[in-house]
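To be precise, the following lines are input_1.tsv, and they hold TSV, C-alpha atoms.
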chain	number	residue	atom	x	y	z
A	1	MET	CA	15.86	26.03	10.86
A	2	ASN	CA	14.90	22.75	12.48
A	3	ASN	CA	14.18	20.20	9.77
A	4	GLU	CA	12.99	17.45	12.11
A	5	TRP	CA	9.32	16.63	12.04
A	6	PRO	CA	7.63	17.12	15.43
A	7	LEU	CA	7.47	14.20	17.83
A	8	TRP	CA	4.10	12.64	18.63
A	9	GLU	CA	3.13	10.26	21.41
A	10	VAL	CA	0.82	7.45	20.35
A	11	PHE	CA	-1.96	5.90	22.41
A	12	ILE	CA	-3.87	2.86	21.22
A	13	ARG	CA	-6.96	1.16	22.48
A	14	GLY	CA	-6.66	-2.57	21.88
A	15	GLN	CA	-9.39	-4.90	20.78
A	16	HIS	CA	-10.16	-5.96	24.34
A	17	GLY	CA	-8.60	-3.11	26.26
A	18	MET	CA	-10.58	-0.72	28.38
A	19	SER	CA	-8.59	2.43	27.82
A	20	HIS	CA	-6.01	3.89	25.48
A	21	ARG	CA	-2.47	2.87	26.36
A	22	HIS	CA	0.76	4.62	25.49
A	23	VAL	CA	2.59	2.47	22.92
A	24	GLY	CA	5.43	4.69	21.74
A	25	SER	CA	6.24	7.73	19.68
A	26	LEU	CA	6.91	8.74	16.10
A	27	HIS	CA	7.59	11.71	13.88
A	28	ALA	CA	5.02	13.34	11.58
A	29	THR	CA	4.37	16.75	10.06
A	30	ASP	CA	0.83	17.06	11.41
A	31	ALA	CA	-1.80	15.23	13.44
A	32	GLU	CA	-3.40	13.50	10.46
A	33	MET	CA	-0.09	12.16	9.24
A	34	ALA	CA	0.70	11.08	12.81
A	35	ILE	CA	-2.48	9.00	12.89
A	36	LYS	CA	-1.58	7.36	9.58
A	37	ASN	CA	1.99	6.70	10.68
A	38	ALA	CA	0.72	5.29	13.95
A	39	ARG	CA	-1.56	2.98	12.00
A	40	ASP	CA	1.39	1.75	9.96
A	41	VAL	CA	3.94	1.54	12.74
A	42	TYR	CA	1.90	0.37	15.72
A	43	THR	CA	-1.15	-1.55	14.45
A	44	ARG	CA	0.48	-3.93	11.97
A	45	ARG	CA	-0.45	-6.95	14.06
A	46	ASN	CA	-4.05	-6.06	14.67
A	47	GLU	CA	-3.33	-4.34	17.98
A	48	GLY	CA	-5.85	-1.57	17.86
A	49	VAL	CA	-9.32	-0.27	17.24
A	50	SER	CA	-8.68	3.36	18.11
A	51	ILE	CA	-5.66	5.66	17.95
A	52	TRP	CA	-4.91	8.89	19.78
A	53	VAL	CA	-1.91	11.04	19.01
A	54	VAL	CA	-0.68	14.04	20.93
A	55	GLU	CA	2.28	16.21	20.13
A	56	ALA	CA	4.96	15.43	22.70
A	57	VAL	CA	5.55	19.12	23.51
A	58	ASN	CA	1.98	19.31	24.80
A	59	ILE	CA	2.61	16.77	27.51
A	60	THR	CA	3.52	18.16	30.91
A	61	ALA	CA	5.44	15.58	32.89
A	62	SER	CA	6.21	15.36	36.57
A	63	SER	CA	9.81	15.95	37.45
A	64	PRO	CA	11.93	12.97	38.54
A	65	SER	CA	13.62	15.11	41.21
A	66	ASP	CA	10.24	15.59	42.90
A	67	LYS	CA	9.94	11.84	43.36
A	68	GLY	CA	10.24	11.97	47.14
A	69	PRO	CA	7.56	14.52	48.01
A	70	MET	CA	5.31	13.36	45.15
A	71	TYR	CA	5.11	9.63	45.79
A	72	GLU	CA	6.66	8.57	49.06
A	73	PRO	CA	3.84	9.86	51.29
A	74	SER	CA	1.46	7.31	49.74
A	75	GLU	CA	3.80	4.36	50.25
A	76	SER	CA	2.96	3.83	53.91
A	77	LYS	CA	-0.78	4.24	53.54
A	78	VAL	CA	-1.78	0.67	52.92
A	79	TYR	CA	-5.38	1.37	53.95
A	80	ARG	CA	-5.88	3.26	50.70
A	81	HIS	CA	-5.67	0.03	48.73
A	82	PRO	CA	-8.93	-1.85	48.23
A	83	THR	CA	-7.17	-5.15	48.92
A	84	PHE	CA	-9.36	-5.98	51.92
A	85	PHE	CA	-12.39	-6.79	49.78
A	86	ASP	CA	-13.20	-10.07	48.09
A	87	ILE	CA	-14.01	-9.44	44.46
A	88	PRO	CA	-16.48	-11.87	42.92
A	89	ASP	CA	-15.17	-13.66	39.81
A	90	GLU	CA	-18.04	-12.36	37.67
A	91	VAL	CA	-16.73	-8.82	38.03
A	92	GLY	CA	-13.73	-9.65	35.87
A	93	ALA	CA	-10.71	-7.37	35.48
A	94	MET	CA	-10.77	-4.22	37.60
B	1	MET	CA	-8.48	-17.66	-27.54
B	2	THR	CA	-10.79	-19.69	-25.31
B	3	GLN	CA	-12.65	-18.17	-22.39
B	4	GLN	CA	-10.36	-20.10	-20.04
B	5	GLU	CA	-7.24	-18.67	-21.69
B	6	ALA	CA	-8.69	-15.17	-21.51
B	7	LEU	CA	-9.51	-15.55	-17.81
B	8	PHE	CA	-5.98	-16.84	-17.19
B	9	GLN	CA	-4.51	-13.79	-18.94
B	10	PHE	CA	-6.76	-11.45	-16.99
B	11	LEU	CA	-5.70	-13.01	-13.67
B	12	LEU	CA	-2.03	-12.80	-14.65
B	13	ARG	CA	-2.50	-9.10	-15.34
B	14	MET	CA	-4.01	-8.51	-11.92
B	15	GLY	CA	-1.44	-10.63	-10.11
B	16	ASP	CA	1.57	-9.36	-12.04
B	17	ASN	CA	0.62	-5.72	-11.37
B	18	THR	CA	0.60	-6.32	-7.64
B	19	LEU	CA	3.62	-8.64	-7.69
B	20	ILE	CA	5.88	-6.31	-9.65
B	21	LEU	CA	4.78	-3.13	-7.90
B	22	GLY	CA	4.96	-4.93	-4.57
B	23	HIS	CA	8.54	-5.93	-5.28
B	24	ARG	CA	9.43	-2.41	-6.39
B	25	THR	CA	7.92	-0.99	-3.21
B	26	SER	CA	9.85	-3.49	-1.09
B	27	GLU	CA	13.09	-2.05	-2.48
B	28	TRP	CA	12.64	0.81	0.01
B	29	CYS	CA	12.75	-1.54	2.96
B	30	GLY	CA	15.51	-0.32	5.28
B	31	VAL	CA	16.49	2.68	3.15
B	32	ALA	CA	13.43	4.96	3.16
B	33	PRO	CA	14.00	8.60	4.16
B	34	VAL	CA	12.28	8.22	7.55
B	35	LEU	CA	11.45	5.21	9.68
B	36	GLU	CA	7.70	5.84	9.53
B	37	GLU	CA	7.69	5.85	5.70
B	38	ASP	CA	9.94	2.81	5.65
B	39	ILE	CA	7.38	0.79	7.59
B	40	ALA	CA	4.43	2.26	5.69
B	41	LEU	CA	6.01	1.31	2.35
B	42	ALA	CA	6.83	-2.17	3.62
B	43	ASN	CA	3.20	-2.57	4.69
B	44	THR	CA	2.04	-1.50	1.23
B	45	ALA	CA	4.45	-3.96	-0.39
B	46	LEU	CA	3.13	-6.76	1.82
B	47	ASP	CA	-0.47	-5.85	0.94
B	48	PHE	CA	0.45	-6.19	-2.73
B	49	ILE	CA	2.21	-9.51	-2.24
B	50	GLY	CA	-0.83	-10.78	-0.34
B	51	GLN	CA	-3.10	-9.80	-3.21
B	52	THR	CA	-0.69	-11.44	-5.63
B	53	GLN	CA	-1.04	-14.77	-3.83
B	54	PHE	CA	-4.78	-14.70	-4.47
B	55	TRP	CA	-4.64	-13.54	-8.09
B	56	LEU	CA	-1.82	-15.83	-9.19
B	57	GLY	CA	-3.14	-18.71	-7.10
B	58	TYR	CA	-6.44	-18.52	-8.94
B	59	ALA	CA	-4.60	-18.02	-12.25
B	60	GLY	CA	-2.74	-21.29	-11.69
B	61	GLU	CA	-6.00	-23.12	-10.98
B	62	VAL	CA	-7.61	-21.73	-14.12
B	63	GLU	CA	-4.62	-22.65	-16.23
B	64	GLY	CA	-4.82	-26.20	-14.89
B	65	LYS	CA	-1.18	-27.13	-15.42
B	66	GLY	CA	-0.29	-27.54	-11.78
B	67	GLN	CA	1.39	-24.13	-11.35
B	68	ASP	CA	0.79	-22.42	-8.02
B	69	ALA	CA	1.31	-18.72	-7.25
B	70	ASP	CA	4.98	-19.23	-6.34
B	71	ARG	CA	5.69	-21.13	-9.53
B	72	LEU	CA	4.09	-18.37	-11.62
B	73	ALA	CA	5.91	-15.64	-9.71
B	74	PHE	CA	9.39	-17.13	-9.73
B	75	HIS	CA	9.65	-19.33	-12.80
B	76	ARG	CA	8.39	-17.15	-15.63
B	77	ASP	CA	10.59	-14.96	-17.80
B	78	ALA	CA	10.04	-11.31	-18.63
B	79	TRP	CA	8.04	-11.96	-21.80
B	80	ASP	CA	5.48	-13.97	-19.82
B	81	PHE	CA	4.69	-11.13	-17.43
B	82	ARG	CA	1.49	-9.16	-17.95
B	83	ASN	CA	1.89	-6.19	-15.62
B	84	LEU	CA	1.42	-2.59	-16.69
B	85	LEU	CA	4.71	-0.94	-17.63
B	86	LEU	CA	4.06	1.65	-14.92
B	87	CYS	CA	4.55	-1.02	-12.25
B	88	GLU	CA	8.02	-2.04	-13.40
B	89	MET	CA	9.51	1.45	-13.68
B	90	PRO	CA	12.41	2.02	-11.26
B	91	ILE	CA	11.68	3.50	-7.84
B	92	GLY	CA	13.78	6.59	-8.63
B	93	ASP	CA	13.77	9.07	-5.76
B	94	PHE	CA	11.13	9.04	-3.06
B	95	GLY	CA	8.99	11.49	-5.05
B	96	GLN	CA	8.96	9.24	-8.10
B	97	THR	CA	8.00	6.27	-5.94
B	98	ILE	CA	5.10	8.14	-4.37
B	99	MET	CA	3.93	9.59	-7.70
B	100	ARG	CA	3.89	6.13	-9.32
B	101	GLN	CA	2.11	4.75	-6.30
B	102	PHE	CA	-0.57	7.43	-6.59
B	103	LEU	CA	-1.03	7.02	-10.35
B	104	PHE	CA	-1.45	3.28	-9.82
B	105	ASP	CA	-3.59	3.50	-6.67
B	106	ALA	CA	-6.05	5.83	-8.40
B	107	TRP	CA	-6.55	3.30	-11.21
B	108	HIS	CA	-6.49	0.33	-8.85
B	109	SER	CA	-9.22	1.76	-6.63
B	110	ILE	CA	-11.51	2.42	-9.59
B	111	TYR	CA	-10.83	-0.97	-11.17
B	112	ILE	CA	-11.19	-2.98	-7.95
B	113	ALA	CA	-14.49	-1.22	-7.22
B	114	ARG	CA	-15.83	-2.60	-10.53
B	115	LEU	CA	-14.53	-6.08	-9.75
B	116	LEU	CA	-16.64	-6.18	-6.58
B	117	LYS	CA	-19.54	-6.80	-8.94
B	118	SER	CA	-17.76	-9.43	-11.02
B	119	SER	CA	-19.83	-12.37	-12.24
B	120	ASP	CA	-16.96	-14.63	-11.13
B	121	PRO	CA	-17.35	-15.14	-7.36
B	122	ARG	CA	-13.63	-15.82	-6.85
B	123	VAL	CA	-12.76	-12.52	-8.54
B	124	SER	CA	-15.27	-10.56	-6.47
B	125	GLU	CA	-14.02	-12.20	-3.27
B	126	ILE	CA	-10.42	-11.23	-3.98
B	127	ALA	CA	-11.55	-7.71	-4.91
B	128	GLU	CA	-13.54	-7.46	-1.70
B	129	LYS	CA	-10.51	-8.38	0.39
B	130	ALA	CA	-8.21	-6.06	-1.56
B	131	SER	CA	-10.57	-3.08	-1.63
B	132	LYS	CA	-9.87	-1.93	1.93
B	133	GLU	CA	-6.12	-2.07	1.41
B	134	VAL	CA	-6.45	-0.27	-1.91
B	135	ALA	CA	-8.55	2.51	-0.36
B	136	TYR	CA	-5.91	3.06	2.29
B	137	HIS	CA	-3.08	3.04	-0.26
B	138	LEU	CA	-4.83	5.74	-2.27
B	139	GLU	CA	-5.57	7.89	0.74
B	140	ARG	CA	-1.95	7.75	1.81
B	141	SER	CA	-0.32	8.25	-1.58
B	142	ALA	CA	-2.71	11.08	-2.53
B	143	GLU	CA	-1.98	12.94	0.70
B	144	THR	CA	1.75	12.51	0.25
B	145	VAL	CA	1.56	13.74	-3.35
B	146	VAL	CA	-0.23	16.87	-2.12
B	147	ALA	CA	2.20	17.39	0.76
B	148	LEU	CA	5.25	17.12	-1.50
B	149	GLY	CA	3.76	18.83	-4.56
B	150	ASP	CA	2.57	21.77	-2.50
B	151	GLY	CA	5.65	21.65	-0.28
B	152	THR	CA	9.04	23.23	-0.78
B	153	GLU	CA	10.43	24.43	-4.08
B	154	GLU	CA	12.61	21.33	-4.28
B	155	SER	CA	9.87	18.83	-3.42
B	156	HIS	CA	7.54	20.51	-5.92
B	157	SER	CA	10.05	20.32	-8.76
B	158	ARG	CA	10.85	16.69	-7.97
B	159	MET	CA	7.16	15.76	-7.99
B	160	GLN	CA	6.57	17.57	-11.29
B	161	LYS	CA	9.57	15.80	-12.78
B	162	ALA	CA	8.25	12.45	-11.56
B	163	LEU	CA	4.82	13.17	-13.03
B	164	ASP	CA	6.29	14.16	-16.40
B	165	TYR	CA	8.43	11.01	-16.42
B	166	LEU	CA	5.64	8.61	-15.46
B	167	TYR	CA	2.67	10.09	-17.28
B	168	PRO	CA	3.37	8.32	-20.61
B	169	TYR	CA	2.80	5.05	-18.72
B	170	VAL	CA	-0.71	6.01	-17.56
B	171	GLY	CA	-2.43	5.48	-20.90
B	172	GLU	CA	-1.78	1.73	-20.95
B	173	MET	CA	-4.27	1.26	-18.11
B	174	PHE	CA	-7.08	2.25	-20.45
B	175	LEU	CA	-6.18	0.22	-23.54
B	176	ALA	CA	-8.47	-2.70	-24.30
B	177	ASP	CA	-7.80	-5.89	-26.25
B	178	ASP	CA	-9.32	-9.35	-26.86
B	179	VAL	CA	-8.76	-10.41	-23.27
B	180	ASP	CA	-10.65	-7.38	-21.98
B	181	ALA	CA	-13.45	-7.93	-24.48
B	182	ALA	CA	-13.84	-11.53	-23.30
B	183	MET	CA	-13.93	-10.38	-19.66
B	184	VAL	CA	-16.48	-7.68	-20.42
B	185	SER	CA	-18.82	-10.02	-22.28
B	186	ALA	CA	-18.62	-12.57	-19.46
B	187	GLY	CA	-19.32	-9.85	-16.89
B	188	ILE	CA	-16.05	-10.64	-15.10
B	189	ALA	CA	-14.24	-7.31	-15.46
B	190	PRO	CA	-14.97	-3.79	-16.72
B	191	ASP	CA	-14.05	-2.25	-20.04
B	192	PRO	CA	-10.79	-0.38	-19.32
B	193	THR	CA	-11.57	2.34	-21.84
B	194	ALA	CA	-14.71	3.30	-19.90
B	195	LEU	CA	-12.74	4.17	-16.76
B	196	ARG	CA	-10.62	7.02	-18.12
B	197	ASP	CA	-12.96	9.91	-17.29
B	198	GLU	CA	-13.35	8.84	-13.69
B	199	TYR	CA	-9.59	8.39	-13.41
B	200	ASP	CA	-8.80	11.75	-14.95
B	201	ALA	CA	-11.21	13.51	-12.60
B	202	LEU	CA	-9.70	11.85	-9.53
B	203	VAL	CA	-6.10	12.47	-10.58
B	204	GLN	CA	-6.77	16.04	-11.68
B	205	LYS	CA	-8.35	16.90	-8.34
B	206	VAL	CA	-5.37	15.65	-6.34
B	207	LEU	CA	-2.75	17.10	-8.68
B	208	ASP	CA	-4.51	20.49	-8.63
B	209	GLU	CA	-4.33	20.46	-4.87
B	210	ALA	CA	-0.67	19.48	-5.17
B	211	THR	CA	-0.12	22.48	-7.50
B	212	LEU	CA	1.22	20.11	-10.17
B	213	THR	CA	0.55	20.33	-13.90
B	214	VAL	CA	-0.83	17.29	-15.72
B	215	PRO	CA	1.12	16.87	-18.97
B	216	GLY	CA	-0.96	17.68	-22.06
B	217	ASN	CA	0.51	14.93	-24.19
B	218	ARG	CA	-1.44	11.68	-23.92
B	219	PHE	CA	1.04	9.50	-25.79
B	220	ALA	CA	0.93	6.06	-24.16
B	221	GLN	CA	3.80	3.60	-23.84
B	222	LYS	CA	2.40	0.11	-24.14
B	223	GLY	CA	3.36	-3.55	-24.25
B	224	GLY	CA	3.24	-4.55	-20.60
B	225	LYS	CA	-0.25	-5.87	-20.08
B	226	ASN	CA	-0.17	-7.87	-23.30
B	227	GLY	CA	3.48	-8.84	-22.84
B	228	ALA	CA	4.49	-7.60	-26.30
B	229	MET	CA	7.34	-5.40	-25.09
B	230	HIS	CA	8.37	-4.77	-21.51
B	231	THR	CA	10.86	-2.08	-20.59
B	232	GLU	CA	14.49	-2.94	-19.97
B	233	HIS	CA	13.81	-2.55	-16.25
B	234	LEU	CA	11.73	-5.70	-15.80
B	235	GLY	CA	14.55	-8.16	-16.48
B	236	HIS	CA	16.73	-6.58	-13.81
B	237	LEU	CA	13.88	-6.68	-11.32
B	238	LEU	CA	13.25	-10.36	-12.05
B	239	CYS	CA	16.97	-11.09	-11.59
B	240	SER	CA	16.87	-9.94	-8.00
B	241	MET	CA	13.36	-11.23	-7.29
B	242	GLN	CA	13.76	-14.70	-8.79
B	243	TRP	CA	17.42	-15.62	-8.37
B	244	LEU	CA	16.98	-17.78	-5.29
B	245	GLN	CA	14.27	-19.93	-6.86
B	246	ARG	CA	16.25	-20.12	-10.08
B	247	VAL	CA	19.43	-21.21	-8.33
B	248	TYR	CA	17.71	-23.48	-5.83
B	249	PRO	CA	14.44	-24.53	-7.52
B	250	ASP	CA	11.59	-25.14	-5.08
B	251	GLY	CA	13.79	-24.32	-2.10
B	252	ASN	CA	11.81	-23.30	0.94
B	253	TRP	CA	12.24	-22.77	4.67
Write out the structure in this file as structure tokens.
Amino acid sequence: MNNEWPLWEVFIRGQHGMSHRHVGSLHATDAEMAIKNARDVYTRRNEGVSIWVVEAVNITASSPSDKGPMYEPSESKVYRHPTFFDIPDEVGAM
Amino acid sequence: MTQQEALFQFLLRMGDNTLILGHRTSEWCGVAPVLEEDIALANTALDFIGQTQFWLGYAGEVEGKGQDADRLAFHRDAWDFRNLLLCEMPIGDFGQTIMRQFLFDAWHSIYIARLLKSSDPRVSEIAEKASKEVAYHLERSAETVVALGDGTEESHSRMQKALDYLYPYVGEMFLADDVDAAMVSAGIAPDPTALRDEYDALVQKVLDEATLTVPGNRFAQKGGKNGAMHTEHLGHLLCSMQWLQRVYPDGNW
């Protein structure tokens, strides 16, 4: 029998952030406990206003060995970047 | 006893509860069973120490002898402490720590809620600040009591053992004396005896869910909040908590 608690990935939306950001992982017996542990481990310095947790086994990740076919084709396509526009200051962070 | 002396005693009781339990909780720092609990317990300990600074800081002002919170925390001897005996009991195993935390949090949440309406604005301000921390402490300790009580055979038996061991220290929370009477008549704090039913209902609900049995015997150990007789455990705690200030008085960094 595996006595380890399941692993959870923690995502936190900061006070001024625009989206949840991955901050780390932790162990917990269930989702509710994971939220509480995330509160205690990752928001001690007032980092967050919202927490998401997801069990790590539920994350499907891309394979590092597919790196070439997955990402290289986009490297040479500079025209896909919107760097040719002037962004007015009032727009703020994009 | 003057009103000022009574208020001083009342503030010592509040501050010593959080100081002593905060120190006890901090004993888990670095040695808790899992990293997440280690940090959670350290957070709880820090919440308590923060509350202590307010209670004992105000106590020193009321006393008017130039003692600040640090002086009161580190330069008094065991017989001058006014914490509930429950707070000074050893941490035991993790189950005993969590059970004590829950038995205290349940009382603390009820008591602090009354202090929000205190006629003394300083008291209600401190209560207001503490109330959010206290609510979180209770939520966390109650859930952990249920998880462990209604967990494995071993965790259940450890939690029942912890409850049986600590229950005689619950009754002291509801004993009233001259200090309480003075606080009640001034509208500063509630009558402790009037809080027992609410406490019993809260505790019973959680312990039922945890499949634990509340001991029938209501014998109460007492002597902490009035300082008449602390347990043998307090002196040892003070030794480790106070030694630096005793060896190097007023040292700081």
#### Entry: Between CA of His137 in chain B and CA of Val10 in chain A - distance in Å to one decimal
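We find that CA of Val10 in chain A and CA of His137 in chain B lie 21.4 Å from each other.
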### Task
Within 12 Å of chain B, which residues of chain A are there when counting all atoms listed in the file? Please give them as a ChimeraX atom specification.
/A:4-5,7-8,25-30,32-45
Restricting it to C-alpha atoms, dump the selection as a CSV table (one decimal), in the frame of the given file.
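Okay, part_25.csv is ready:
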chain,number,residue,atom,x,y,z
A,4,GLU,CA,13.0,17.4,12.1
A,5,TRP,CA,9.3,16.6,12.0
A,7,LEU,CA,7.5,14.2,17.8
A,8,TRP,CA,4.1,12.6,18.6
A,25,SER,CA,6.2,7.7,19.7
A,26,LEU,CA,6.9,8.7,16.1
A,27,HIS,CA,7.6,11.7,13.9
A,28,ALA,CA,5.0,13.3,11.6
A,29,THR,CA,4.4,16.8,10.1
A,30,ASP,CA,0.8,17.1,11.4
A,32,GLU,CA,-3.4,13.5,10.5
A,33,MET,CA,-0.1,12.2,9.2
A,34,ALA,CA,0.7,11.1,12.8
A,35,ILE,CA,-2.5,9.0,12.9
A,36,LYS,CA,-1.6,7.4,9.6
A,37,ASN,CA,2.0,6.7,10.7
A,38,ALA,CA,0.7,5.3,14.0
A,39,ARG,CA,-1.6,3.0,12.0
A,40,ASP,CA,1.4,1.8,10.0
A,41,VAL,CA,3.9,1.5,12.7
A,42,TYR,CA,1.9,0.4,15.7
A,43,THR,CA,-1.2,-1.6,14.4
A,44,ARG,CA,0.5,-3.9,12.0
A,45,ARG,CA,-0.4,-7.0,14.1
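Across B:Ser131, B:Ser155, B:Asn17, B:Ser119, the tightest approach to Val184 in chain B is made by B:Ser119 when counting only C-alpha atoms.
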### Query
Counting all atoms listed in the file, what is within 12 Å of Glu27 in chain B, bar same-chain residues fewer than 6 positions away, as a VMD selection string?
chain B and resid 20 to 21 38 to 39 41 to 42 44 to 46 90 to 94 97 237 240 to 241
Expected file contents, prior selection, C-alpha atoms, as a PDB file, in the coordinates of the input:
ATOM      1  CA  ILE B  20       5.880  -6.310  -9.650  1.00  0.00           C
ATOM      2  CA  LEU B  21       4.780  -3.130  -7.900  1.00  0.00           C
ATOM      3  CA  ASP B  38       9.940   2.810   5.650  1.00  0.00           C
ATOM      4  CA  ILE B  39       7.380   0.790   7.590  1.00  0.00           C
ATOM      5  CA  LEU B  41       6.010   1.310   2.350  1.00  0.00           C
ATOM      6  CA  ALA B  42       6.830  -2.170   3.620  1.00  0.00           C
ATOM      7  CA  THR B  44       2.040  -1.500   1.230  1.00  0.00           C
ATOM      8  CA  ALA B  45       4.450  -3.960  -0.390  1.00  0.00           C
ATOM      9  CA  LEU B  46       3.130  -6.760   1.820  1.00  0.00           C
ATOM     10  CA  PRO B  90      12.410   2.020 -11.260  1.00  0.00           C
ATOM     11  CA  ILE B  91      11.680   3.500  -7.840  1.00  0.00           C
ATOM     12  CA  GLY B  92      13.780   6.590  -8.630  1.00  0.00           C
ATOM     13  CA  ASP B  93      13.770   9.070  -5.760  1.00  0.00           C
ATOM     14  CA  PHE B  94      11.130   9.040  -3.060  1.00  0.00           C
ATOM     15  CA  THR B  97       8.000   6.270  -5.940  1.00  0.00           C
ATOM     16  CA  LEU B 237      13.880  -6.680 -11.320  1.00  0.00           C
ATOM     17  CA  SER B 240      16.870  -9.940  -8.000  1.00  0.00           C
ATOM     18  CA  MET B 241      13.360 -11.230  -7.290  1.00  0.00           C
TER      19      MET B 241
END
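Using all atoms listed in the file for every distance, the candidate list B:Ala162, B:Ala106, B:Ile49, B:Cys87 yields B:Ala106 as the residue closest to Ala201 in chain B.
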### Task
Find the spatial neighbours of Thr2 in chain B, counting only C-alpha atoms, within a cut-off of 12 Å - ignore same-chain residues fewer than 5 positions away - and output them as a PyMOL selection string.
chain B and resi 7-9+62-63+178-179+182-183
### Message
Set the distance at 12 Å and use all atoms listed in the file: which residues neighbour Lys129 in chain B once local chain neighbours fewer than 5 positions away are removed? I'd like the list as a list in words.
### Response
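The residues that qualify are Asp47, Phe48, Gly50, Gln51, Thr52, Phe54, Trp55, Ile112, Ala113, Leu115, Leu116, Arg122, Val123, Ser124, Val134 and Ala135 of chain B.
Here CA of Ala32 in chain B is placed at a distance of 23.3 Å from CA of Leu85 in chain B.
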### Query
Which residues, protein or nucleic acid, reach to within 9 Å of (1.8, -11.3, -19.6) in the file's coordinates when using only C-alpha atoms, and can you give that as an MDAnalysis selection string?
chainID B and resid 9:10 12:13 16 78:83 224:228
### Task
Have a look at B:Ile110, B:Ala210, B:Val203, B:Ala73 and name the one nearest to Gly22 in chain B; count all atoms listed in the file.
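Of the candidates, the smallest distance to Gly22 in chain B is held by B:Ala73.
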Quick one: range 57-74 of chain A with N, CA and C atoms, as a JSON list (two decimals), in the coordinates of the input?
[["chain", "number", "residue", "atom", "x", "y", "z"],
["A", 57, "VAL", "N", 5.31, 17.86, 22.79],
["A", 57, "VAL", "CA", 5.55, 19.12, 23.51],
["A", 57, "VAL", "C", 4.35, 19.52, 24.36],
["A", 58, "ASN", "N", 3.18, 18.95, 24.05],
["A", 58, "ASN", "CA", 1.98, 19.31, 24.80],
["A", 58, "ASN", "C", 1.79, 18.49, 26.07],
["A", 59, "ILE", "N", 2.72, 17.58, 26.30],
["A", 59, "ILE", "CA", 2.61, 16.77, 27.51],
["A", 59, "ILE", "C", 3.43, 17.41, 28.63],
["A", 60, "THR", "N", 2.80, 17.66, 29.74],
["A", 60, "THR", "CA", 3.52, 18.16, 30.91],
["A", 60, "THR", "C", 3.80, 16.98, 31.81],
["A", 61, "ALA", "N", 5.07, 16.75, 32.10],
["A", 61, "ALA", "CA", 5.44, 15.58, 32.89],
["A", 61, "ALA", "C", 5.90, 15.99, 34.28],
["A", 62, "SER", "N", 5.71, 15.10, 35.21],
["A", 62, "SER", "CA", 6.21, 15.36, 36.57],
["A", 62, "SER", "C", 7.73, 15.25, 36.55],
["A", 63, "SER", "N", 8.36, 15.94, 37.44],
["A", 63, "SER", "CA", 9.81, 15.95, 37.45],
["A", 63, "SER", "C", 10.37, 14.82, 38.31],
["A", 64, "PRO", "N", 11.36, 14.09, 37.77],
["A", 64, "PRO", "CA", 11.93, 12.97, 38.54],
["A", 64, "PRO", "C", 12.50, 13.42, 39.89],
["A", 65, "SER", "N", 13.00, 14.66, 39.96],
["A", 65, "SER", "CA", 13.62, 15.11, 41.21],
["A", 65, "SER", "C", 12.57, 15.34, 42.31],
["A", 66, "ASP", "N", 11.30, 15.41, 41.91],
["A", 66, "ASP", "CA", 10.24, 15.59, 42.90],
["A", 66, "ASP", "C", 9.74, 14.25, 43.44],
["A", 67, "LYS", "N", 10.41, 13.18, 43.03],
["A", 67, "LYS", "CA", 9.94, 11.84, 43.36],
["A", 67, "LYS", "C", 9.58, 11.67, 44.83],
["A", 68, "GLY", "N", 10.45, 12.13, 45.70],
["A", 68, "GLY", "CA", 10.24, 11.97, 47.14],
["A", 68, "GLY", "C", 8.91, 12.56, 47.61],
["A", 69, "PRO", "N", 8.80, 13.88, 47.55],
["A", 69, "PRO", "CA", 7.56, 14.52, 48.01],
["A", 69, "PRO", "C", 6.32, 14.06, 47.25],
["A", 70, "MET", "N", 6.48, 13.72, 45.96],
["A", 70, "MET", "CA", 5.31, 13.36, 45.15],
["A", 70, "MET", "C", 4.74, 12.00, 45.54],
["A", 71, "TYR", "N", 5.63, 11.01, 45.71],
["A", 71, "TYR", "CA", 5.11, 9.63, 45.79],
["A", 71, "TYR", "C", 5.33, 8.93, 47.13],
["A", 72, "GLU", "N", 6.38, 9.30, 47.83],
["A", 72, "GLU", "CA", 6.66, 8.57, 49.06],
["A", 72, "GLU", "C", 5.54, 8.64, 50.10],
["A", 73, "PRO", "N", 4.88, 9.78, 50.26],
["A", 73, "PRO", "CA", 3.84, 9.86, 51.29],
["A", 73, "PRO", "C", 2.76, 8.78, 51.14],
["A", 74, "SER", "N", 2.54, 8.29, 49.93],
["A", 74, "SER", "CA", 1.46, 7.31, 49.74],
["A", 74, "SER", "C", 1.93, 5.88, 50.01]]
